[in-house]
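Student: Provided herewith: entry_21.cif, mmCIF, C-alpha atoms.
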```
data_structure
#
loop_
_atom_site.label_atom_id
_atom_site.label_comp_id
_atom_site.auth_asym_id
_atom_site.auth_seq_id
_atom_site.Cartn_x
_atom_site.Cartn_y
_atom_site.Cartn_z
CA MET A 1 -17.02 -12.68 48.56
CA LEU A 2 -18.53 -12.40 45.09
CA LYS A 3 -21.21 -14.94 45.98
CA ARG A 4 -22.00 -13.04 49.14
CA GLY A 5 -22.21 -9.80 47.16
CA LEU A 6 -24.65 -11.32 44.69
CA LYS A 7 -26.74 -12.84 47.46
CA VAL A 8 -26.93 -9.49 49.24
CA ASP A 9 -27.93 -7.82 45.96
CA PHE A 10 -30.68 -10.35 45.48
CA GLU A 11 -32.00 -10.05 49.02
CA GLU A 12 -31.99 -6.28 48.92
CA SER A 13 -33.74 -6.30 45.55
CA ILE A 14 -36.46 -8.57 46.92
CA LYS A 15 -36.91 -6.28 49.93
CA TYR A 16 -37.28 -3.29 47.63
CA ILE A 17 -39.83 -5.06 45.43
CA ALA A 18 -41.76 -6.19 48.53
CA ASN A 19 -41.87 -2.61 49.84
CA SER A 20 -43.03 -1.35 46.44
CA ILE A 21 -45.81 -3.94 46.27
CA LEU A 22 -46.93 -3.01 49.78
CA ARG A 23 -47.08 0.63 48.81
CA ILE A 24 -49.11 -0.25 45.70
CA SER A 25 -51.58 -2.32 47.76
CA GLU A 26 -52.21 0.66 50.06
CA ASP A 27 -53.19 3.07 47.29
CA GLY A 28 -56.88 2.33 47.71
CA ASN A 29 -57.37 0.37 44.49
CA GLY A 30 -57.61 -3.02 46.18
CA ASN A 31 -55.29 -5.27 48.09
CA VAL A 32 -55.34 -8.18 45.65
CA ILE A 33 -52.39 -8.04 43.29
CA GLY A 34 -51.81 -10.56 40.51
CA ILE A 35 -48.28 -11.35 39.38
CA SER A 36 -47.98 -12.62 35.85
CA SER A 37 -45.61 -12.50 32.89
CA SER A 38 -45.66 -12.33 29.12
CA ARG A 39 -43.66 -15.54 28.66
CA PHE A 40 -43.63 -18.92 30.31
CA CYS A 41 -41.42 -18.80 33.41
CA LYS A 42 -43.16 -20.85 36.06
CA GLU A 43 -40.08 -21.67 38.15
CA SER A 44 -38.63 -18.21 38.44
CA LYS A 45 -42.01 -16.52 38.89
CA SER A 46 -42.99 -18.90 41.68
CA ASN A 47 -39.59 -18.49 43.31
CA ILE A 48 -39.79 -14.70 43.25
CA CYS A 49 -43.40 -14.69 44.49
CA GLU A 50 -42.38 -16.88 47.44
CA LYS A 51 -39.44 -14.62 48.29
CA VAL A 52 -41.57 -11.51 48.13
CA CYS A 53 -44.31 -13.06 50.26
CA GLU A 54 -41.75 -14.21 52.83
CA GLN A 55 -40.34 -10.73 52.99
CA ILE A 56 -43.77 -9.13 53.46
CA HIS A 57 -44.69 -11.75 56.05
CA ASN A 58 -41.47 -11.02 57.95
CA LYS A 59 -42.68 -7.46 58.37
CA GLY A 60 -45.64 -8.81 60.36
CA ILE A 61 -48.16 -8.18 57.58
CA ASP A 62 -50.96 -10.67 56.94
CA ILE A 63 -50.37 -12.05 53.50
CA THR A 64 -51.71 -14.98 51.50
CA LEU A 65 -50.27 -16.32 48.27
CA VAL A 66 -52.91 -17.82 45.97
CA ASP A 67 -50.82 -19.95 43.67
CA ILE A 68 -52.66 -20.69 40.43
CA ASP A 69 -49.38 -21.55 38.65
CA PRO A 70 -47.60 -23.77 41.18
CA ARG A 71 -44.28 -25.36 40.36
CA ASP A 72 -43.13 -28.78 41.53
CA ARG A 73 -41.94 -28.27 45.05
CA SER A 74 -40.30 -30.36 47.69
CA ASN A 75 -42.07 -30.54 51.03
CA LYS A 76 -40.93 -27.09 51.93
CA LYS A 77 -42.98 -25.34 54.55
CA ASP A 78 -43.84 -21.73 53.94
CA SER A 79 -43.73 -19.18 56.69
CA PHE A 80 -46.73 -17.44 55.12
CA ASN A 81 -50.15 -18.70 54.08
CA ARG A 82 -50.18 -20.35 50.66
CA ILE A 83 -53.22 -21.69 48.80
CA CYS A 84 -52.39 -23.81 45.73
CA LYS A 85 -55.20 -23.91 43.20
CA ASP A 86 -54.14 -25.33 39.89
CA ASN A 87 -56.84 -25.06 37.15
CA ILE A 88 -59.26 -23.15 39.34
CA SER A 89 -62.37 -21.73 37.67
CA ILE A 90 -63.00 -18.00 37.50
CA ARG A 91 -66.05 -18.22 39.76
CA GLU A 92 -64.14 -20.23 42.41
CA LEU A 93 -61.27 -17.76 42.26
CA ASP A 94 -63.66 -14.86 42.68
CA VAL A 95 -65.18 -16.48 45.76
CA LEU A 96 -61.77 -17.35 47.18
CA LEU A 97 -60.40 -13.87 46.68
CA SER A 98 -63.49 -12.28 48.24
CA GLU A 99 -62.76 -14.25 51.42
CA GLN A 100 -59.02 -13.70 51.40
CA ARG A 101 -59.07 -9.95 50.78
CA GLU A 102 -61.09 -9.49 53.96
CA GLU A 103 -58.85 -11.74 56.06
CA ASN A 104 -55.49 -10.42 54.84
CA ASP A 105 -53.73 -7.12 54.47
CA ILE A 106 -52.52 -8.16 51.04
CA VAL A 107 -53.21 -11.08 48.71
CA ILE A 108 -50.74 -12.02 45.99
CA VAL A 109 -52.02 -14.19 43.14
CA ASN A 110 -49.46 -16.07 41.08
CA ILE A 111 -51.05 -16.10 37.63
CA PRO A 112 -49.73 -18.12 34.64
CA SER A 113 -48.30 -16.28 31.67
CA VAL A 114 -50.87 -13.93 30.15
CA VAL A 115 -49.88 -14.83 26.59
CA PHE A 116 -49.27 -18.57 27.05
CA SER A 117 -52.42 -19.33 29.01
CA ALA A 118 -55.84 -18.25 27.70
CA ASP A 119 -57.40 -18.11 31.19
CA SER A 120 -54.69 -15.93 32.69
CA VAL A 121 -56.19 -12.67 31.53
CA GLU A 122 -59.50 -13.80 33.11
CA TYR A 123 -57.72 -14.48 36.39
CA ALA A 124 -56.05 -11.08 36.12
CA SER A 125 -59.40 -9.39 35.58
CA VAL A 126 -60.71 -11.04 38.76
CA CYS A 127 -57.70 -9.64 40.65
CA GLY A 128 -58.31 -6.23 39.19
CA ARG A 129 -54.66 -5.27 39.08
CA VAL A 130 -51.51 -6.99 38.03
CA ILE A 131 -47.73 -6.63 38.12
CA LEU A 132 -45.75 -8.16 35.27
CA LEU A 133 -42.58 -10.08 35.96
CA GLU A 134 -40.24 -10.04 32.95
CA LYS A 135 -36.87 -11.64 32.34
CA TYR A 136 -34.04 -9.97 30.42
CA MET A 137 -32.91 -11.68 27.21
CA TYR A 138 -36.09 -13.78 27.33
CA THR A 139 -39.09 -11.46 27.14
CA THR A 140 -39.67 -10.43 23.54
CA TYR A 141 -41.10 -7.13 22.39
CA ASN A 142 -43.89 -8.95 20.60
CA GLY A 143 -44.77 -11.01 23.67
CA TYR A 144 -44.72 -8.01 25.99
CA GLU A 145 -46.90 -5.93 23.68
CA GLU A 146 -49.32 -8.84 23.31
CA ALA A 147 -49.55 -9.13 27.10
CA LEU A 148 -50.24 -5.40 27.46
CA THR A 149 -52.86 -5.56 24.72
CA ARG A 150 -54.70 -8.46 26.33
CA LEU A 151 -54.67 -6.94 29.81
CA ASN A 152 -55.78 -3.55 28.54
CA SER A 153 -58.61 -5.11 26.54
CA TYR A 154 -59.95 -6.64 29.77
CA GLY A 155 -59.55 -3.39 31.64
CA VAL A 156 -56.97 -4.82 34.01
CA ARG A 157 -54.91 -2.19 35.81
CA ILE A 158 -51.19 -2.78 35.18
CA ASP A 159 -49.37 -1.38 38.20
CA GLY A 160 -45.90 -1.90 36.89
CA VAL A 161 -43.25 -4.33 35.73
CA VAL A 162 -40.48 -6.05 37.69
CA THR A 163 -37.44 -7.12 35.73
CA TYR A 164 -34.84 -9.75 36.54
CA GLY A 165 -32.19 -11.94 35.01
CA ALA A 166 -29.35 -9.43 34.36
CA MET B 1 -36.47 -4.97 12.50
CA PHE B 2 -33.68 -2.66 13.57
CA GLU B 3 -35.58 -0.39 15.94
CA HIS B 4 -35.35 -2.87 18.80
CA PHE B 5 -31.79 -4.04 18.22
CA GLY B 6 -28.49 -2.32 18.94
CA ILE B 7 -24.84 -2.99 19.73
CA MET B 8 -25.54 -3.48 23.44
CA ASP B 9 -27.92 -6.28 22.51
CA ILE B 10 -25.01 -8.11 20.85
CA PHE B 11 -23.12 -7.97 24.16
CA SER B 12 -26.23 -9.13 26.01
CA GLY B 13 -26.53 -12.03 23.58
CA LEU B 14 -22.87 -12.92 24.01
CA ARG B 15 -23.29 -12.87 27.79
CA LYS B 16 -26.35 -15.07 27.64
CA TYR B 17 -24.84 -17.61 25.28
CA ARG B 18 -21.25 -17.34 26.47
CA ALA B 19 -21.10 -20.99 27.50
CA ILE B 20 -22.29 -22.18 24.09
CA VAL B 21 -20.03 -19.78 22.17
CA LEU B 22 -17.05 -20.75 24.29
CA SER B 23 -17.75 -24.45 23.81
CA VAL B 24 -18.08 -24.05 20.04
CA VAL B 25 -14.87 -22.02 19.86
CA LEU B 26 -12.97 -24.56 21.96
CA ILE B 27 -14.25 -27.48 19.88
CA PHE B 28 -13.28 -25.86 16.61
CA THR B 29 -9.93 -24.73 18.01
CA ALA B 30 -9.24 -28.31 19.00
CA LEU B 31 -10.32 -29.54 15.55
CA PHE B 32 -8.28 -27.06 13.57
CA GLY B 33 -5.32 -27.26 15.93
CA GLY B 34 -5.32 -31.04 15.79
CA LYS B 35 -5.49 -31.00 12.00
CA PHE B 36 -2.64 -28.50 11.88
CA ILE B 37 -0.46 -30.65 14.11
CA ILE B 38 -1.19 -33.78 12.05
CA ASP B 39 -0.54 -31.94 8.77
CA SER B 40 2.68 -30.45 10.15
CA LYS B 41 3.95 -33.87 11.12
CA LYS B 42 3.10 -35.26 7.67
CA ALA B 43 4.68 -32.30 5.90
CA GLY B 44 7.68 -32.52 8.16
CA SER B 45 8.23 -36.16 7.30
CA ALA B 46 7.84 -35.39 3.59
CA ILE B 47 10.44 -32.66 3.79
CA VAL B 48 12.83 -35.02 5.57
CA GLU B 49 12.83 -37.15 2.42
CA VAL B 50 13.73 -34.17 0.23
CA ASN B 51 16.35 -33.03 2.69
CA ASP B 52 18.37 -36.11 1.80
CA ASN B 53 19.10 -34.55 -1.60
CA ASN B 54 22.10 -32.37 -2.20
CA ILE B 55 21.52 -29.06 -3.89
CA TYR B 56 24.34 -27.86 -6.11
CA ILE B 57 24.93 -24.17 -6.47
CA SER B 58 27.09 -22.89 -9.32
CA SER B 59 27.77 -19.21 -9.81
CA ALA B 60 29.69 -16.86 -12.01
CA THR B 61 30.51 -13.29 -11.06
CA TYR B 62 31.02 -10.53 -13.61
CA TYR B 63 32.40 -7.06 -13.23
CA ILE B 64 30.59 -4.49 -15.33
CA GLU B 65 33.24 -2.26 -16.84
CA PRO B 66 31.95 1.13 -17.99
CA ARG B 67 33.06 2.35 -21.41
CA THR B 68 36.33 4.25 -21.09
CA ASP B 69 35.00 7.56 -22.33
CA LEU B 70 32.19 7.49 -19.78
CA ILE B 71 34.36 7.02 -16.71
CA GLY B 72 34.30 10.15 -14.58
CA ARG B 73 32.04 11.98 -16.98
CA SER B 74 28.64 10.46 -16.13
CA ASP B 75 26.52 10.66 -13.01
CA SER B 76 26.30 7.67 -10.65
CA SER B 77 22.80 6.64 -11.74
CA LEU B 78 24.17 5.62 -15.17
CA TYR B 79 26.72 3.29 -13.54
CA ARG B 80 23.94 1.60 -11.52
CA SER B 81 21.87 1.04 -14.63
CA MET B 82 24.71 -0.71 -16.45
CA SER B 83 24.28 -3.94 -14.51
CA ASP B 84 20.53 -3.71 -14.96
CA ASP B 85 21.03 -3.87 -18.75
CA TYR B 86 22.72 -7.26 -18.38
CA ILE B 87 20.15 -8.53 -15.94
CA ALA B 88 17.40 -7.55 -18.37
CA LEU B 89 19.22 -9.38 -21.16
CA LEU B 90 19.65 -12.48 -19.03
CA ASN B 91 16.00 -12.48 -18.06
CA SER B 92 14.77 -11.96 -21.60
CA ASP B 93 12.86 -14.66 -23.46
CA PHE B 94 15.63 -14.74 -26.03
CA CYS B 95 18.15 -15.70 -23.37
CA LYS B 96 15.81 -18.33 -21.90
CA LYS B 97 15.36 -19.86 -25.34
CA TYR B 98 19.11 -19.83 -25.83
CA ILE B 99 19.64 -21.61 -22.50
CA LEU B 100 16.88 -24.16 -23.13
CA ASP B 101 18.07 -25.00 -26.63
CA ASN B 102 21.60 -25.55 -25.37
CA LEU B 103 20.46 -27.66 -22.42
CA LYS B 104 18.24 -29.82 -24.60
CA SER B 105 21.13 -30.46 -26.93
CA LYS B 106 23.12 -31.92 -24.02
CA TYR B 107 20.50 -33.49 -21.74
CA SER B 108 17.15 -35.16 -21.99
CA ASP B 109 14.04 -33.25 -20.97
CA ARG B 110 13.41 -35.80 -18.22
CA TYR B 111 16.86 -35.22 -16.77
CA ILE B 112 16.35 -31.45 -16.71
CA VAL B 113 12.92 -31.73 -15.08
CA ASP B 114 13.99 -34.27 -12.47
CA ASN B 115 17.08 -32.36 -11.37
CA SER B 116 15.67 -28.85 -11.28
CA GLY B 117 13.18 -27.10 -9.06
CA LEU B 118 10.38 -27.77 -11.52
CA LYS B 119 7.37 -29.35 -9.83
CA GLY B 120 7.29 -33.13 -9.95
CA ASN B 121 4.20 -33.25 -12.09
CA THR B 122 5.82 -31.23 -14.89
CA SER B 123 6.09 -33.58 -17.81
CA SER B 124 8.87 -33.36 -20.32
CA GLN B 125 6.33 -32.04 -22.84
CA ASP B 126 5.71 -29.07 -20.56
CA LEU B 127 9.38 -28.06 -20.56
CA ASN B 128 9.53 -24.68 -22.27
CA GLU B 129 11.18 -21.28 -22.02
CA GLY B 130 8.91 -20.36 -19.13
CA CYS B 131 10.37 -23.20 -17.06
CA VAL B 132 13.94 -21.99 -17.56
CA LYS B 133 13.48 -19.30 -14.88
CA GLU B 134 13.61 -22.15 -12.35
CA LEU B 135 17.17 -22.97 -13.38
CA TYR B 136 19.07 -19.74 -12.75
CA GLN B 137 19.03 -16.30 -11.25
CA ALA B 138 20.82 -13.11 -12.29
CA LYS B 139 21.26 -10.33 -9.78
CA ARG B 140 23.36 -7.30 -9.11
CA ALA B 141 25.28 -7.11 -5.86
CA SER B 142 23.84 -4.13 -4.04
CA GLY B 143 25.91 -0.95 -4.29
CA SER B 144 28.47 -2.45 -6.65
CA MET B 145 29.19 -3.08 -10.31
CA LEU B 146 29.21 -6.82 -9.82
CA LEU B 147 26.72 -9.09 -11.52
CA GLU B 148 26.17 -12.65 -10.29
CA ILE B 149 24.60 -15.51 -12.21
CA SER B 150 23.78 -18.53 -10.10
CA SER B 151 22.14 -21.85 -10.76
CA MET B 152 20.69 -24.13 -8.11
CA THR B 153 19.73 -27.69 -9.09
CA TYR B 154 19.98 -31.22 -7.80
CA SER B 155 22.70 -32.04 -10.31
CA GLU B 156 26.17 -30.56 -10.10
CA GLU B 157 26.64 -30.99 -13.82
CA LEU B 158 23.34 -29.31 -14.63
CA SER B 159 24.08 -26.33 -12.39
CA ARG B 160 27.49 -25.82 -13.99
CA SER B 161 26.03 -26.18 -17.47
CA VAL B 162 23.39 -23.56 -16.85
CA VAL B 163 25.96 -21.06 -15.57
CA ASP B 164 28.30 -21.85 -18.47
CA ILE B 165 25.53 -21.34 -21.00
CA CYS B 166 24.65 -18.00 -19.41
CA SER B 167 28.32 -17.01 -19.63
CA GLU B 168 28.38 -18.00 -23.30
CA PHE B 169 25.33 -15.88 -23.85
CA LEU B 170 27.08 -12.89 -22.30
CA ARG B 171 30.26 -13.51 -24.27
CA SER B 172 28.46 -13.80 -27.59
CA ASP B 173 28.77 -10.88 -29.92
CA ALA B 174 25.11 -10.04 -29.56
CA SER B 175 25.18 -9.31 -25.86
CA ASN B 176 28.66 -8.91 -24.43
CA ASN B 177 28.83 -5.24 -25.18
CA THR B 178 26.00 -2.90 -24.39
CA LEU B 179 26.16 0.69 -25.44
CA THR B 180 27.69 1.75 -22.14
CA SER B 181 29.75 -1.14 -20.75
CA THR B 182 31.22 -4.61 -21.06
CA ALA B 183 30.88 -7.61 -18.78
CA GLU B 184 34.21 -9.03 -17.65
CA ILE B 185 34.23 -12.46 -15.95
CA TRP B 186 35.50 -12.16 -12.40
CA GLY B 187 35.24 -15.74 -11.15
CA THR B 188 33.19 -18.91 -10.87
CA ALA B 189 32.34 -21.16 -7.95
CA SER B 190 30.49 -24.38 -7.21
CA ARG B 191 29.34 -25.83 -3.93
CA SER B 192 26.72 -28.13 -2.57
CA ILE B 193 24.41 -27.97 0.42
CA LYS B 194 21.81 -30.23 1.92
CA GLY B 195 18.17 -29.34 1.36
CA SER B 196 17.76 -28.80 5.10
CA GLU B 197 20.46 -26.11 5.03
CA LEU B 198 18.59 -23.96 2.52
CA ALA B 199 16.98 -22.02 5.36
CA ASN B 200 20.47 -20.79 6.30
CA GLU B 201 21.20 -19.45 2.82
CA ASN B 202 20.83 -15.73 2.30
CA ILE B 203 18.11 -15.92 -0.31
CA ASP B 204 16.50 -12.85 -1.86
CA LYS B 205 12.84 -12.29 -1.18
CA SER B 206 12.48 -11.68 -4.92
CA ASP B 207 13.75 -15.20 -5.69
CA LYS B 208 10.61 -17.15 -6.52
CA ARG B 209 12.24 -20.40 -7.65
CA ASN B 210 10.61 -23.56 -6.30
CA ILE B 211 13.93 -25.02 -5.24
CA VAL B 212 14.65 -22.21 -2.76
CA LYS B 213 11.44 -22.74 -0.80
CA ALA B 214 13.08 -23.98 2.35
CA PRO B 215 11.50 -26.43 4.72
CA GLU B 216 9.11 -24.68 7.05
CA GLY B 217 11.11 -22.43 9.26
CA LYS B 218 9.73 -20.93 12.39
CA LYS B 219 8.44 -17.85 10.58
CA SER B 220 6.51 -19.77 7.91
CA LYS B 221 5.15 -22.16 10.57
CA LEU B 222 3.75 -19.17 12.41
CA ILE B 223 2.13 -17.86 9.23
CA SER B 224 0.77 -21.33 8.50
CA PHE B 225 -0.60 -21.57 12.07
CA ILE B 226 -2.31 -18.21 11.71
CA LYS B 227 -3.83 -19.22 8.37
CA LYS B 228 -4.93 -22.70 9.36
CA VAL B 229 -5.95 -22.26 12.98
CA ILE B 230 -6.37 -18.63 14.07
CA LEU B 231 -8.23 -17.43 10.98
CA PRO B 232 -10.74 -20.31 10.90
CA VAL B 233 -11.41 -19.90 14.64
CA MET B 234 -11.99 -16.18 14.09
CA ILE B 235 -14.43 -17.07 11.32
CA VAL B 236 -16.24 -19.39 13.75
CA VAL B 237 -16.46 -16.56 16.31
CA ILE B 238 -17.80 -14.21 13.64
CA LEU B 239 -20.37 -16.82 12.63
CA CYS B 240 -21.47 -17.16 16.26
CA LEU B 241 -21.85 -13.39 16.45
CA ALA B 242 -23.80 -13.46 13.19
CA VAL B 243 -26.19 -16.05 14.64
CA ILE B 244 -26.69 -13.93 17.77
CA VAL B 245 -27.33 -10.85 15.62
CA CYS B 246 -29.80 -12.71 13.38
CA LYS B 247 -31.65 -14.06 16.40
CA GLY B 248 -31.77 -10.58 17.87
CA LEU B 249 -33.06 -9.09 14.64
CA ILE B 250 -35.70 -11.76 14.01
CA SER B 251 -36.96 -12.03 17.58
CA PRO B 252 -35.63 -9.07 19.57
CA THR B 253 -35.76 -9.41 23.34
CA MET B 254 -35.93 -6.80 26.05
CA ASN B 255 -32.58 -6.66 27.73
CA ARG B 256 -32.51 -3.67 30.04
CA VAL B 257 -34.74 -1.29 32.00
CA SER B 258 -34.71 1.29 29.23
CA ASP B 259 -36.36 -1.21 26.87
CA PHE B 260 -39.34 -1.46 29.23
CA SER B 261 -39.42 2.28 29.86
CA ARG B 262 -40.54 2.84 26.26
CA TYR B 263 -43.98 1.69 27.27
CA ASP B 264 -46.42 3.50 29.54
CA ILE B 265 -45.81 1.01 32.33
CA ALA B 266 -43.63 1.97 35.29
CA VAL B 267 -40.66 -0.25 36.07
CA ILE B 268 -41.17 -0.95 39.76
CA GLY B 269 -37.75 -2.44 40.27
CA GLU B 270 -35.02 -4.75 39.06
CA ILE B 271 -34.08 -7.96 40.84
CA LYS B 272 -30.31 -8.19 40.75
CA GLY B 273 -28.24 -11.34 41.08
CA TYR B 274 -31.30 -13.52 40.65
CA LYS B 275 -29.94 -16.48 38.71
CA LYS B 276 -26.60 -16.64 40.45
CA SER B 277 -28.13 -16.24 43.89
CA LYS B 278 -30.60 -19.02 43.16
CA GLU B 279 -27.77 -21.30 42.07
CA SER B 280 -25.70 -20.49 45.15
CA LYS B 281 -28.38 -21.82 47.51
#
```
Now, as a test, write the supplied structure out as structure tokens.
Tutor:
Amino acid sequence: MLKRGLKVDFEESIKYIANSILRISEDGNGNVIGISSSRFCKESKSNICEKVCEQIHNKGIDITLVDIDPRDRSNKKDSFNRICKDNISIRELDVLLSEQREENDIVIVNIPSVVFSADSVEYASVCGRVILLEKYMYTTYNGYEEALTRLNSYGVRIDGVVTYGA
Amino acid sequence: MFEHFGIMDIFSGLRKYRAIVLSVVLIFTALFGGKFIIDSKKAGSAIVEVNDNNIYISSATYYIEPRTDLIGRSDSSLYRSMSDDYIALLNSDFCKKYILDNLKSKYSDRYIVDNSGLKGNTSSQDLNEGCVKELYQAKRASGSMLLEISSMTYSEELSRSVVDICSEFLRSDASNNTLTSTAEIWGTASRSIKGSELANENIDKSDKRNIVKAPEGKKSKLISFIKKVILPVMIVVILCLAVIVCKGLISPTMNRVSDFSRYDIAVIGEIKGYKKSKESK
């Protein structure tokens, strides 16, 4: 019963985050949203991105996940469209996103940690807007402030932060 | 350093590292507990050897007779203090010297040391007036005018001699009569017990003689367990907490929504049950 309660909590949380991201994408500032973090958390970030994309796709919305920070995966088939592009250049990403934003209602870009990877802030600037994904008892104040500083210096719009790990 | 760290962060740290803290506590509990059990068994076997010895208890009881002209004319506090005068005399350095000189005239220093409660590493050169307190005890029976002198040693002869010498001291012209009373001998007694039976003797808490320290009874075992196991484990727990606090102070982490709300970035939402849900798949 406890496990079921936790699973329900998790599913409902993901639904809420998915709805929030949809609402953000419809505010007229672009439908490409980057998801990054201040610290290295490839596994959990990828997992959450997949869950959110699944949830949005289940609503019948055209969504593509551009995964620049893919984790090692088994041969799991996604219900939504996923494009894995490890070590993509900024120009290639720009071209790719130009195509995808026309073809989809929303494009989610899984970006490596802004502080740990030097190119991440460049990727975020191509997206134009970003949501930070931060873990309790893991994200440090220094790391978070560094991430905000880097994103602000590139003029990237930070739409919000999603927390997890409690 | 302290602006990002509070008491709730300690709880968050404990929750995050609960497996490690619990493991450390269990390991140290096992270590200290194991050591305690081994030490108890060793100490127990050592005490069994001592328990083979007989302890001889000799005693003499005196009735403190108030001076005739004071009977009925003084308040009760004066009567109570009469016995205390004799106890003070018996515990004085002069009395101890008297006892030691008389014992040395009859027995060798080695004999006195070996048969008394003096610690085994006391050499005969160390035998002095200060050691004599191990040989006898003088006390007043509560609520009465009776004074008891008792000696407890491993030699029947030595115990009797100590009590006799104390009696001589009281009978001598210098000390038999205080200003307010006299000490009249009421009776003497001698008996022996095994070392293991000491725990059953009604021994005063004020009696600090080495020979009366009974083998570990249940109460002292509990105190020993608390000192040797519980306290060290509590110190380990406190050290773990100290490590968590230091880590939190040196590199504070963000542990709740309110920590993120300090910045100008909206918290869109919180994913609950993430780790556990992931593990349950």
Student: With distances taken over all atoms listed in the file, which residue among B:Asn128, B:Ser92, B:Ser167, B:Ser83 lies nearest B:Gly143?
Tutor: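 Closest to B:Gly143, using all atoms listed in the file: B:Ser83.
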Student: Leaving out stretch 33-40 of chain A and any residue of its chain fewer than 2 positions from it, which residues lie within 6 Å of it when counting only C-alpha atoms, given as a count of residues only?
Tutor: 18
Student: For the provided coordinates, the residues matched by the PyMOL selection byres ((chain B) within 7 of (chain A)) should be stated as a VMD selection string.
Tutor: chain B and resid 251 to 256 265 to 275 277
Student: Rank nothing, just name the residue among B:Asp109, B:Val233, B:Ile250, B:Val257 nearest to B:Phe32, using all atoms listed in the file.
Tutor: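 Among the listed residues, the smallest separation from B:Phe32 belongs to B:Val233.
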Student: Using only C-alpha atoms, which residues sit within 8 Å of A:Arg101 once same-chain residues fewer than 4 positions away are excluded, as a PyMOL selection string?
Tutor: chain A and resi 31-32+97+105-107
Student: At what distance in Å, to one decimal, does atom CA of A:Cys41 lie from atom CA of B:Gly13?
Tutor: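 So the answer is 19.1 Å.
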Student: Take the PyMOL selection byres ((chain B and resi 138) around 7), apply it to the structure above, and return the hits as a VMD selection string.
Tutor: chain B and resid 87 90 136 to 137 139 148 to 150
Student: Would you mind reading off the distance between atom CA of B:Gly187 and atom CA of B:Gly130, one decimal, in Å?
Tutor: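 Atom-to-atom, atom CA of B:Gly187 to atom CA of B:Gly130, that is 27.9 Å.
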Student: One number please: atom CA of B:Tyr56 to atom CA of B:Ile99, in Å, one decimal.
Tutor: 18.2 Å
Student: Counting all atoms listed in the file, which of B:Ile211, B:Val237, B:Ala19, B:Ile226 gets nearest to B:Asp114?
Tutor: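 Using all atoms listed in the file, B:Asp114 sits closest to B:Ile211.
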Student: Got a sec to resolve the PyMOL selection byres ((chain B and resi 194) around 6) on this structure and send the residues as a PyMOL selection string?
Tutor: chain B and resi 54-55+193+195-197
Student: Quick one: residues within 8 Å of B:Asn115, all atoms listed in the file counted, chain neighbours fewer than 6 positions away excluded, as a PyMOL selection string?
Tutor: chain B and resi 153-155+158
Student: Which is closest to A:Val66 among A:Ala118, A:Leu93, A:Ile83, A:Cys49, if we use all atoms listed in the file?
Tutor: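 So, comparing all the options, the nearest one is A:Ile83.
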Student: Around all of stretch 148-165 of chain B's listed atoms, make the axis-aligned box with 3 Å on each side and tell me centre and edge lengths in Å to one decimal, as AutoDock Vina command-line options.
Tutor:
```
--center_x 24.0 --center_y -22.3 --center_z -14.4 --size_x 14.6 --size_y 25.4 --size_z 19.2
```
